[in-house]
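Participant: So that you have it, the file is input-v4.csv, and it contains CSV, C-alpha atoms:
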chain,number,residue,atom,x,y,z
A,1,MET,CA,17.6,21.3,22.7
A,2,GLY,CA,16.2,18.1,21.1
A,3,THR,CA,12.5,18.9,21.9
A,4,LEU,CA,12.7,22.5,20.7
A,5,LEU,CA,14.4,21.5,17.5
A,6,ILE,CA,12.2,18.5,16.7
A,7,ASP,CA,9.1,20.6,17.1
A,8,LYS,CA,10.5,23.2,14.7
A,9,LEU,CA,11.4,20.5,12.2
A,10,LEU,CA,8.0,18.8,12.4
A,11,GLN,CA,6.2,22.1,11.9
A,12,THR,CA,8.3,22.6,8.7
A,13,VAL,CA,7.3,19.2,7.5
A,14,VAL,CA,3.6,20.0,8.1
A,15,ASN,CA,3.8,23.5,6.6
A,16,GLN,CA,5.5,22.4,3.5
A,17,GLY,CA,3.4,19.3,3.0
A,18,ALA,CA,6.5,17.0,3.0
A,19,SER,CA,5.9,13.2,3.1
A,20,ASP,CA,9.1,12.4,5.1
A,21,LEU,CA,11.8,13.9,7.3
A,22,HIS,CA,15.3,12.3,7.2
A,23,ILE,CA,17.7,12.8,10.2
A,24,SER,CA,21.2,11.6,9.6
A,25,VAL,CA,24.7,12.5,10.8
A,26,GLY,CA,26.9,14.6,8.5
A,27,GLN,CA,24.2,16.6,6.7
A,28,PRO,CA,21.3,19.0,7.6
A,29,PRO,CA,17.8,17.5,8.1
A,30,VAL,CA,16.3,16.5,4.7
A,31,LEU,CA,12.6,16.6,3.5
A,32,ARG,CA,11.0,14.5,0.9
A,33,LEU,CA,8.7,16.8,-1.1
A,34,HIS,CA,6.6,15.3,-4.0
A,35,GLY,CA,9.0,12.4,-4.2
A,36,ARG,CA,12.2,14.5,-4.3
A,37,LEU,CA,14.7,14.9,-1.4
A,38,ARG,CA,15.5,18.5,-0.3
A,39,ARG,CA,18.1,19.5,2.3
A,40,LEU,CA,17.0,22.2,4.7
A,41,GLU,CA,19.2,25.3,5.0
A,42,THR,CA,20.3,24.6,8.6
A,43,LYS,CA,23.3,23.3,10.4
A,44,VAL,CA,24.9,19.9,9.6
A,45,LEU,CA,23.9,17.4,12.3
A,46,THR,CA,26.4,15.8,14.6
A,47,GLY,CA,26.1,12.4,16.4
A,48,ASP,CA,25.0,14.3,19.6
A,49,ASP,CA,22.3,16.2,17.6
A,50,THR,CA,20.7,13.0,16.2
A,51,VAL,CA,20.7,11.3,19.6
A,52,SER,CA,19.0,14.2,21.4
A,53,LEU,CA,16.4,14.5,18.5
A,54,MET,CA,15.8,10.8,18.8
A,55,LYS,CA,15.5,10.8,22.6
A,56,SER,CA,13.0,13.8,22.5
A,57,ILE,CA,10.3,11.7,20.8
A,58,THR,CA,11.1,8.0,21.3
A,59,PRO,CA,9.4,5.9,24.0
A,60,ASP,CA,11.7,4.0,26.4
A,61,ARG,CA,10.8,0.6,25.0
A,62,CYS,CA,11.8,1.7,21.5
A,63,GLN,CA,15.1,3.2,22.8
A,64,GLN,CA,15.8,-0.2,24.4
A,65,GLU,CA,15.0,-2.0,21.1
A,66,LEU,CA,17.3,0.4,19.3
A,67,GLN,CA,20.1,-0.7,21.7
A,68,GLU,CA,19.3,-4.4,21.5
A,69,VAL,CA,18.6,-4.9,17.7
A,70,GLY,CA,19.7,-1.7,16.1
A,71,GLY,CA,16.3,-0.3,15.2
A,72,SER,CA,12.7,0.3,16.1
A,73,ASP,CA,9.4,1.8,14.8
A,74,PHE,CA,6.6,3.7,16.5
A,75,GLY,CA,3.9,6.2,15.8
A,76,PHE,CA,3.3,9.5,17.6
A,77,ALA,CA,1.0,12.5,17.5
A,78,PHE,CA,2.4,15.9,16.8
A,79,GLY,CA,-0.2,17.9,18.6
A,80,THR,CA,-3.3,18.1,16.5
A,81,ALA,CA,-1.3,19.0,13.3
A,82,ALA,CA,-0.4,15.5,12.2
A,83,ARG,CA,0.8,12.0,13.2
A,84,PHE,CA,4.1,10.6,12.3
A,85,ARG,CA,5.3,7.0,11.8
A,86,VAL,CA,8.9,7.0,13.0
A,87,SER,CA,11.7,4.5,12.2
A,88,ILE,CA,14.9,4.9,14.3
A,89,PHE,CA,18.0,3.0,13.4
A,90,LYS,CA,21.8,2.8,13.8
A,91,GLN,CA,24.1,3.5,10.9
A,92,LYS,CA,27.9,3.6,11.2
A,93,GLY,CA,27.5,3.6,14.9
A,94,ASN,CA,25.3,6.7,14.9
A,95,VAL,CA,21.6,7.2,15.3
A,96,GLY,CA,19.5,7.9,12.2
A,97,MET,CA,15.7,8.6,11.9
A,98,VAL,CA,13.1,8.8,9.2
A,99,LEU,CA,9.7,10.3,10.1
A,100,ARG,CA,6.8,9.7,7.7
A,101,GLN,CA,3.9,12.2,8.0
A,102,ILE,CA,0.4,10.8,8.3
A,103,PRO,CA,-2.3,13.4,7.7
A,104,ASN,CA,-5.0,13.8,10.4
A,105,ASN,CA,-7.8,14.0,8.0
A,106,PHE,CA,-9.1,11.2,5.7
A,107,MET,CA,-9.3,11.7,2.0
A,108,SER,CA,-12.4,10.2,0.4
A,109,MET,CA,-12.0,7.4,-2.2
A,110,GLU,CA,-13.2,9.9,-4.8
A,111,GLN,CA,-10.4,12.4,-3.8
A,112,LEU,CA,-7.8,9.7,-4.1
A,113,GLY,CA,-9.2,8.7,-7.5
A,114,LEU,CA,-9.8,5.1,-6.5
A,115,PRO,CA,-11.6,2.9,-9.0
A,116,ALA,CA,-15.4,3.3,-8.5
A,117,VAL,CA,-15.9,-0.5,-8.1
A,118,VAL,CA,-13.9,-0.4,-4.8
A,119,LYS,CA,-16.9,0.9,-3.0
A,120,GLU,CA,-19.2,-2.0,-4.0
A,121,LEU,CA,-16.5,-4.6,-3.3
A,122,ILE,CA,-15.7,-3.5,0.3
A,123,LEU,CA,-19.4,-3.6,1.2
A,124,ARG,CA,-19.5,-7.4,0.5
A,125,PRO,CA,-20.0,-9.6,3.5
A,126,ARG,CA,-16.8,-11.6,3.1
A,127,GLY,CA,-13.5,-12.0,1.1
A,128,LEU,CA,-9.9,-10.9,0.9
A,129,PHE,CA,-9.2,-7.5,-0.5
A,130,LEU,CA,-5.5,-6.9,-1.2
A,131,VAL,CA,-3.9,-3.4,-1.6
A,132,THR,CA,-0.4,-3.7,-3.0
A,133,GLY,CA,2.5,-1.5,-4.3
A,134,PRO,CA,6.0,-0.5,-3.3
A,135,THR,CA,6.8,1.3,0.0
A,136,GLY,CA,5.5,4.9,-0.1
A,137,SER,CA,2.9,4.3,-2.9
A,138,GLY,CA,0.0,5.4,-0.7
A,139,LYS,CA,-1.4,1.9,0.4
A,140,THR,CA,-2.0,3.1,4.0
A,141,THR,CA,-3.8,6.2,2.8
A,142,SER,CA,-6.1,4.2,0.4
A,143,LEU,CA,-6.9,1.6,3.2
A,144,ALA,CA,-7.6,4.4,5.7
A,145,SER,CA,-10.1,6.0,3.3
A,146,MET,CA,-11.8,2.6,2.8
A,147,ILE,CA,-12.0,1.9,6.6
A,148,ASN,CA,-13.3,5.4,7.2
A,149,PHE,CA,-16.0,4.9,4.5
A,150,LEU,CA,-17.1,1.7,6.2
A,151,ASN,CA,-16.9,3.4,9.6
A,152,GLU,CA,-19.3,6.1,8.4
A,153,THR,CA,-21.6,3.9,6.4
A,154,ILE,CA,-22.3,0.6,8.2
A,155,ASP,CA,-22.7,-0.7,11.8
A,156,HIS,CA,-19.7,-3.1,11.7
A,157,HIS,CA,-17.1,-4.2,14.1
A,158,ILE,CA,-13.8,-3.3,12.5
A,159,ILE,CA,-10.5,-4.6,13.9
A,160,THR,CA,-7.2,-3.2,12.6
A,161,ILE,CA,-3.8,-4.8,13.2
A,162,GLU,CA,-1.0,-2.5,12.5
A,163,ASP,CA,2.7,-2.0,13.0
A,164,PRO,CA,2.6,0.8,14.1
A,165,ILE,CA,-0.9,2.3,14.1
A,166,GLU,CA,-0.9,5.1,11.6
A,167,PHE,CA,-4.3,6.7,11.0
A,168,TYR,CA,-6.5,6.9,14.2
A,169,HIS,CA,-10.1,6.0,13.6
A,170,GLU,CA,-12.9,7.2,16.0
A,171,HIS,CA,-16.0,5.1,16.5
A,172,LYS,CA,-18.6,6.5,14.1
A,173,LYS,CA,-21.4,4.2,12.8
A,174,ALA,CA,-19.0,1.3,13.3
A,175,THR,CA,-17.0,0.2,16.3
A,176,VAL,CA,-13.3,0.4,15.5
A,177,ASN,CA,-10.6,-1.4,17.6
A,178,GLN,CA,-7.0,-0.8,16.6
A,179,ARG,CA,-4.3,-3.1,17.8
A,180,GLU,CA,-0.6,-2.4,17.5
A,181,VAL,CA,1.9,-5.2,17.0
A,182,GLY,CA,4.5,-5.1,19.8
A,183,VAL,CA,2.3,-3.1,22.1
A,184,ASP,CA,-1.2,-4.7,22.2
A,185,VAL,CA,-0.3,-8.1,20.6
A,186,PRO,CA,2.9,-9.9,19.8
A,187,SER,CA,2.4,-10.7,16.1
A,188,PHE,CA,0.1,-10.2,13.1
A,189,ALA,CA,-0.8,-14.0,12.9
A,190,GLU,CA,-1.6,-14.1,16.6
A,191,ALA,CA,-3.8,-11.0,16.3
A,192,ILE,CA,-5.8,-12.4,13.4
A,193,ARG,CA,-6.4,-15.7,15.3
A,194,ARG,CA,-7.6,-13.7,18.3
A,195,ALA,CA,-9.7,-11.4,16.2
A,196,LEU,CA,-11.8,-14.3,15.0
A,197,ARG,CA,-13.1,-14.6,18.6
A,198,GLN,CA,-13.9,-10.9,18.9
A,199,ASP,CA,-17.0,-10.9,16.7
A,200,PRO,CA,-15.4,-8.9,13.8
A,201,ASP,CA,-17.0,-8.0,10.5
A,202,VAL,CA,-13.9,-6.4,9.0
A,203,ILE,CA,-10.2,-7.1,9.8
A,204,LEU,CA,-7.4,-5.0,8.5
A,205,VAL,CA,-4.0,-6.8,8.4
A,206,GLY,CA,-1.3,-4.0,8.1
A,207,GLU,CA,1.2,-6.3,6.5
A,208,MET,CA,1.0,-9.9,5.2
A,209,ARG,CA,4.7,-10.6,5.4
A,210,ASP,CA,5.0,-14.3,6.3
A,211,LEU,CA,3.3,-17.7,5.7
A,212,GLU,CA,1.6,-17.7,9.1
A,213,THR,CA,0.0,-14.3,8.6
A,214,ILE,CA,-1.1,-15.0,5.0
A,215,GLU,CA,-2.6,-18.3,6.0
A,216,ALA,CA,-4.5,-16.7,8.9
A,217,ALA,CA,-5.8,-13.9,6.7
A,218,ILE,CA,-7.1,-16.4,4.0
A,219,THR,CA,-8.8,-18.4,6.7
A,220,ALA,CA,-10.4,-15.3,8.2
A,221,ALA,CA,-11.7,-14.3,4.7
A,222,GLU,CA,-13.1,-17.8,4.1
A,223,THR,CA,-15.0,-17.8,7.4
A,224,GLY,CA,-17.2,-14.8,6.6
A,225,HIS,CA,-15.3,-11.6,7.2
A,226,ILE,CA,-13.9,-8.9,4.9
A,227,VAL,CA,-10.2,-8.9,5.3
A,228,PHE,CA,-8.0,-6.1,4.0
A,229,GLY,CA,-4.3,-6.9,3.6
A,230,THR,CA,-1.2,-5.3,2.1
A,231,LEU,CA,1.8,-6.7,0.2
A,232,HIS,CA,4.8,-5.0,-1.4
A,233,THR,CA,4.1,-6.3,-4.8
A,234,THR,CA,3.5,-4.5,-8.1
A,235,GLY,CA,0.5,-5.6,-10.2
A,236,ALA,CA,-2.3,-8.1,-9.5
A,237,GLN,CA,-0.7,-11.0,-11.3
A,238,GLY,CA,2.5,-10.8,-9.4
A,239,THR,CA,0.6,-10.5,-6.1
A,240,VAL,CA,-1.3,-13.7,-6.6
A,241,ASN,CA,1.9,-15.5,-7.5
A,242,ARG,CA,3.7,-14.1,-4.5
A,243,ILE,CA,1.1,-15.4,-2.1
A,244,ILE,CA,1.2,-18.9,-3.6
A,245,ASP,CA,5.0,-18.9,-3.7
A,246,VAL,CA,5.2,-18.3,0.1
A,247,PHE,CA,3.9,-21.8,0.7
A,248,PRO,CA,5.8,-25.1,0.4
A,249,THR,CA,5.3,-26.8,-3.0
A,250,ASN,CA,3.2,-29.6,-1.5
A,251,GLN,CA,0.7,-27.0,-0.1
A,252,GLN,CA,0.4,-24.8,-3.2
A,253,GLU,CA,-2.4,-26.6,-4.9
A,254,GLN,CA,-4.6,-26.4,-1.8
A,255,ILE,CA,-3.7,-22.7,-1.3
A,256,ARG,CA,-4.6,-22.0,-4.9
A,257,THR,CA,-8.1,-23.5,-4.3
A,258,GLN,CA,-8.5,-21.6,-1.0
A,259,LEU,CA,-7.2,-18.3,-2.5
A,260,SER,CA,-9.5,-18.6,-5.5
A,261,THR,CA,-12.6,-18.7,-3.3
A,262,ALA,CA,-11.4,-16.2,-0.7
A,263,ILE,CA,-9.9,-13.3,-2.8
A,264,ILE,CA,-12.3,-10.7,-4.1
A,265,ALA,CA,-10.0,-8.0,-5.4
A,266,VAL,CA,-6.4,-6.8,-5.8
A,267,LEU,CA,-5.8,-3.0,-6.0
A,268,SER,CA,-2.2,-2.3,-7.0
A,269,GLN,CA,-1.0,1.3,-6.9
A,270,ALA,CA,1.9,3.6,-7.7
A,271,LEU,CA,2.4,7.3,-6.9
A,272,ILE,CA,3.8,9.3,-9.9
A,273,PRO,CA,5.2,12.9,-9.7
A,274,LYS,CA,3.1,15.2,-11.8
A,275,ILE,CA,4.5,17.6,-14.4
A,276,ALA,CA,2.9,20.5,-12.6
A,277,GLY,CA,4.1,19.4,-9.1
A,278,GLY,CA,2.5,17.2,-6.5
A,279,ARG,CA,1.8,13.5,-7.2
A,280,VAL,CA,-1.0,11.4,-8.7
A,281,ALA,CA,-1.8,7.7,-8.1
A,282,ALA,CA,-2.1,5.2,-10.8
A,283,TYR,CA,-4.1,2.1,-10.0
A,284,GLU,CA,-4.4,-1.5,-11.2
A,285,MET,CA,-7.7,-3.1,-10.4
A,286,LEU,CA,-8.4,-6.8,-10.5
A,287,VAL,CA,-11.9,-7.9,-9.6
A,288,VAL,CA,-12.0,-11.6,-9.0
A,289,ASN,CA,-14.9,-13.1,-11.0
A,290,SER,CA,-15.5,-16.8,-11.6
A,291,ALA,CA,-13.2,-16.8,-14.7
A,292,ILE,CA,-10.3,-15.3,-12.8
A,293,ALA,CA,-11.0,-17.6,-9.8
A,294,ASN,CA,-10.6,-20.5,-12.3
A,295,LEU,CA,-7.2,-19.1,-13.6
A,296,ILE,CA,-5.9,-19.0,-10.0
A,297,ARG,CA,-7.2,-22.5,-9.2
A,298,GLU,CA,-5.8,-24.0,-12.4
A,299,ASN,CA,-2.4,-22.3,-12.0
A,300,LYS,CA,-2.8,-20.1,-15.1
A,301,THR,CA,-2.0,-16.9,-13.4
A,302,PHE,CA,0.0,-15.7,-16.4
A,303,ARG,CA,-3.3,-15.1,-18.1
A,304,ILE,CA,-4.6,-12.7,-15.4
A,305,ASN,CA,-3.3,-9.5,-17.1
A,306,SER,CA,-5.1,-10.2,-20.4
A,307,SER,CA,-8.3,-11.0,-18.3
A,308,ILE,CA,-7.9,-7.6,-16.6
A,309,GLN,CA,-7.7,-5.9,-20.0
A,310,THR,CA,-10.9,-7.7,-21.3
A,311,GLY,CA,-12.6,-7.1,-17.9
A,312,THR,CA,-13.1,-3.3,-18.1
A,313,LYS,CA,-16.9,-3.8,-17.9
A,314,TYR,CA,-16.3,-5.2,-14.4
A,315,GLY,CA,-14.3,-2.1,-13.4
A,316,MET,CA,-10.9,-3.7,-14.1
A,317,GLN,CA,-7.8,-1.9,-15.4
A,318,LEU,CA,-4.1,-2.5,-15.8
A,319,LEU,CA,-1.6,-0.3,-14.0
A,320,ASP,CA,0.3,0.4,-17.2
A,321,ASP,CA,-2.9,1.3,-19.0
A,322,HIS,CA,-3.8,3.8,-16.3
A,323,MET,CA,-0.3,5.3,-16.5
A,324,PHE,CA,-0.6,5.6,-20.3
A,325,ARG,CA,-3.9,7.5,-19.8
A,326,LEU,CA,-2.4,9.9,-17.2
A,327,TRP,CA,0.5,10.6,-19.7
A,328,LYS,CA,-2.0,11.1,-22.5
A,329,GLU,CA,-3.9,13.7,-20.4
A,330,GLY,CA,-0.6,15.6,-19.9
A,331,LEU,CA,-0.4,15.0,-16.2
A,332,VAL,CA,2.8,12.9,-15.8
A,333,PRO,CA,6.2,12.5,-17.7
A,334,GLN,CA,7.0,9.3,-19.5
A,335,GLU,CA,10.2,8.6,-17.6
A,336,GLU,CA,8.3,8.6,-14.2
A,337,CYS,CA,5.8,6.0,-15.6
A,338,LEU,CA,8.6,3.8,-17.0
A,339,VAL,CA,10.3,3.4,-13.7
A,340,ARG,CA,7.1,2.4,-11.9
A,341,CYS,CA,5.2,0.4,-14.5
A,342,VAL,CA,4.9,-3.4,-14.7
A,343,ASN,CA,6.1,-3.8,-18.4
A,344,PRO,CA,8.5,-1.0,-19.3
A,345,ASP,CA,9.3,-2.3,-22.8
A,346,ASP,CA,5.6,-2.6,-23.7
A,347,LEU,CA,4.8,0.9,-22.3
A,348,ARG,CA,7.8,2.5,-24.0
A,349,ARG,CA,6.6,1.1,-27.4
A,350,ARG,CA,3.1,2.4,-26.7
A,351,PHE,CA,4.5,5.9,-25.9
A,352,GLN,CA,6.6,5.8,-29.2
A,353,ARG,CA,3.6,4.7,-31.3
A,354,ALA,CA,1.4,7.4,-29.7
A,355,GLU,CA,4.0,10.1,-30.5
A,356,GLN,CA,3.8,8.9,-34.1
A,357,GLY,CA,0.0,9.4,-33.9
A,358,LEU,CA,-0.7,5.6,-33.7
A,359,PHE,CA,-3.1,5.4,-30.8
A,360,GLU,CA,-4.8,2.1,-30.5
A,361,ASP,CA,-8.4,1.9,-29.5
A,362,ASP,CA,-9.8,-0.3,-26.7
A,363,ASP,CA,-10.7,-3.1,-29.1
A,364,ALA,CA,-7.1,-3.2,-30.5
A,365,ALA,CA,-5.7,-3.2,-27.0
A,366,ARG,CA,-8.0,-6.1,-26.0
A,367,GLU,CA,-7.0,-8.1,-29.1
A,368,ARG,CA,-3.3,-7.5,-28.3
A,369,ALA,CA,-3.9,-8.7,-24.7
A,370,GLU,CA,-5.7,-11.8,-25.9
A,371,LYS,CA,-3.1,-12.7,-28.4
A,372,LYS,CA,-0.4,-12.2,-25.8
A,373,GLY,CA,-2.3,-14.5,-23.4
A,374,LYS,CA,-2.5,-17.2,-26.1
A,375,ASP,CA,1.2,-16.9,-26.9
A,376,GLU,CA,2.1,-17.4,-23.3
A,377,GLU,CA,0.1,-20.7,-23.0
With the file now loaded, output its structure as structure tokens.

Facilitator:
Amino acid sequence: MGTLLIDKLLQTVVNQGASDLHISVGQPPVLRLHGRLRRLETKVLTGDDTVSLMKSITPDRCQQELQEVGGSDFGFAFGTAARFRVSIFKQKGNVGMVLRQIPNNFMSMEQLGLPAVVKELILRPRGLFLVTGPTGSGKTTSLASMINFLNETIDHHIITIEDPIEFYHEHKKATVNQREVGVDVPSFAEAIRRALRQDPDVILVGEMRDLETIEAAITAAETGHIVFGTLHTTGAQGTVNRIIDVFPTNQQEQIRTQLSTAIIAVLSQALIPKIAGGRVAAYEMLVVNSAIANLIRENKTFRINSSIQTGTKYGMQLLDDHMFRLWKEGLVPQEECLVRCVNPDDLRRRFQRAEQGLFEDDDAARERAEKKGKDEE
């Protein structure tokens, strides 16, 4: 019963292009389509249904982990149609599941609308490149397209450390080794330390969630590797602060110095539902030049945003500015931008002014940013 039903459900997810499938007792299966939840017109699931659905796809070690700690994550292939990242968990004593669809084909950086400067940055010989944004903002997809570009372009050794592995990379021009935390290696930090002895050119760290992992990633970037990492932060300024704040106060000055030399870029992204259906990504791009490295080192991170606004010639842009442009082009509604932006009050004022016909040009925006930076000092 479980296998038959799960195949049917997963086929529906693939056919409809849904991003997620939710399985929970007391309602029918639910799809997330373009950011909205939609119930399927089928039977309401019982506790037995969710258990048999779970058992039909879950490896034994994950079923055991579910019993011991109340949840587990794994990835699996649905034939050649797609891969899924699965999270199983207990709720009110019943089993629940969420399955996230991972497409089998890679989108190019151009298709994703990534800032053009990304291509130059990731071809550098060393440095920390961070991709940030809330859960479900497309970080994994952006990173997969960058890794695929490197894989097709340059004869590198690429090591990815993921929990679980999502996109599968074949060896193309590069050699790609993918290690899954919990299966191939016990932790992110351990995998990074080992990776340094495996002659890597590129290391992808699926999640920089603790001090040990962040420290190992910075060290790897300093010692002559390109390191990609992700964080659940919004905006470049908040990302830099978040990394520094993870460390004890007595280490923060040293970390600021290390980070200022290691970090080359922060790409922060948000997915916004489009007026015409589907979703579009808005990006913030921080390119770390010597001026920004100084701000990080001197603990003046509150000036990063105004530096991004004045750094358009280096390929930089603020998330809120990109959202404003997407709205001006008639692609996205205001309210969807306001819940995902960095400064809702500022953006709301800009929308209001624009509706009154008061568009500011780039120079005026730059002056406003510089004034704001001075006010904050």

Participant: Check the smallest atom-to-atom distance from each of A:Ile154, A:Leu267, A:Ala293, A:Val14 to Gly138 in chain A using all atoms listed in the file, then report the winner.

Facilitator: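 With all atoms listed in the file as the atom set, the closest residue is A:Leu267.
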
Participant: Measuring atom to atom with only C-alpha atoms, identify which of A:Ser52, A:Asn94, A:Thr312, A:Asn177 is nearest to Gly71 in chain A.

Facilitator: A:Asn94

Participant: Restricting the calculation to all atoms listed in the file: of A:Ile308, A:Pro333, A:Asn250, A:Val240, which residue gets closest to Lys274 in chain A?

Facilitator: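 Smallest distance to Lys274 in chain A is found for A:Pro333.
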
Participant: I'd like the contact shell of range 218-227 of chain A - 12 Å cut-off, only C-alpha atoms, skipping same-chain residues fewer than 4 positions apart - returned as a VMD selection string.

Facilitator: chain A and resid 121 to 131 143 146 to 147 150 156 to 161 189 191 to 208 211 to 214 243 to 244 254 to 266

Participant: In the coordinates of the file, take the point (20.0, -2.4, 19.6) and a cut-off of 12 Å; then, counting all atoms listed in the file, name each qualifying protein, DNA or RNA residue as number ranges by chain.

Facilitator: A: 61-72, 88-91, 93-95

Participant: By how many Å are CA of Val117 in chain A and CA of Ser290 in chain A apart?

Facilitator: 16.7 Å

Participant: Quick one: everything within 7 Å of Gly75 in chain A, counting only C-alpha atoms, minus sequence neighbours fewer than 6 positions away in the same chain. Send it as an NGL selection string.

Facilitator: :A and (84-86 or 164-166)

Participant: Which value, in Å to one decimal, gives the distance between CA of Gly330 in chain A and CA of Pro273 in chain A?

Facilitator: 12.0 Å

Participant: For a cut-off of 7 Å around (-19.8, 1.6, 9.5), file coordinates, pick out all residues using all atoms listed in the file and list them as a CSV table (one decimal) with C-alpha atoms, in the frame of the given file.

Facilitator:
chain,number,residue,atom,x,y,z
A,150,LEU,CA,-17.1,1.7,6.2
A,151,ASN,CA,-16.9,3.4,9.6
A,152,GLU,CA,-19.3,6.1,8.4
A,153,THR,CA,-21.6,3.9,6.4
A,154,ILE,CA,-22.3,0.6,8.2
A,155,ASP,CA,-22.7,-0.7,11.8
A,156,HIS,CA,-19.7,-3.1,11.7
A,172,LYS,CA,-18.6,6.5,14.1
A,173,LYS,CA,-21.4,4.2,12.8
A,174,ALA,CA,-19.0,1.3,13.3

Participant: What lies within 7 Å of Thr234 in chain A using only C-alpha atoms, ignoring chain neighbours under 3 positions off, as number ranges by chain?

Facilitator: A: 132-134, 238-239, 268, 342

Participant: What is the CA of Val280 in chain A to CA of Ala354 in chain A distance in Å?

Facilitator: 21.5 Å

Participant: What's the 10 Å shell around Val13 in chain A, counting all atoms listed in the file, without same-chain residues fewer than 2 positions away, as a list in words?

Facilitator: Asp7, Lys8, Leu9, Leu10, Gln11, Asn15, Gln16, Gly17, Ala18, Ser19, Asp20, Leu21, Val30, Leu31, Arg32, Leu33, Ala82, Leu99, Arg100 and Gln101 of chain A

Participant: For the selection just defined, write its residues with C-alpha atoms to a file, as a CSV table (one decimal), in the coordinates of the input.

Facilitator:
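Output contents, as saved in result-v7.csv:
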chain,number,residue,atom,x,y,z
A,7,ASP,CA,9.1,20.6,17.1
A,8,LYS,CA,10.5,23.2,14.7
A,9,LEU,CA,11.4,20.5,12.2
A,10,LEU,CA,8.0,18.8,12.4
A,11,GLN,CA,6.2,22.1,11.9
A,15,ASN,CA,3.8,23.5,6.6
A,16,GLN,CA,5.5,22.4,3.5
A,17,GLY,CA,3.4,19.3,3.0
A,18,ALA,CA,6.5,17.0,3.0
A,19,SER,CA,5.9,13.2,3.1
A,20,ASP,CA,9.1,12.4,5.1
A,21,LEU,CA,11.8,13.9,7.3
A,30,VAL,CA,16.3,16.5,4.7
A,31,LEU,CA,12.6,16.6,3.5
A,32,ARG,CA,11.0,14.5,0.9
A,33,LEU,CA,8.7,16.8,-1.1
A,82,ALA,CA,-0.4,15.5,12.2
A,99,LEU,CA,9.7,10.3,10.1
A,100,ARG,CA,6.8,9.7,7.7
A,101,GLN,CA,3.9,12.2,8.0

Participant: Could you tell me which of A:Glu284, A:Gly136, A:Leu40, A:Glu170 comes closest to His232 in chain A if we count all atoms listed in the file?

Facilitator: A:Gly136

Participant: Between A:Arg297, A:Arg350, A:Arg179, A:Arg340, which one has atoms that come closest to Gln269 in chain A, using all atoms listed in the file?

Facilitator: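 Closest residue, counting all atoms listed in the file: A:Arg340.
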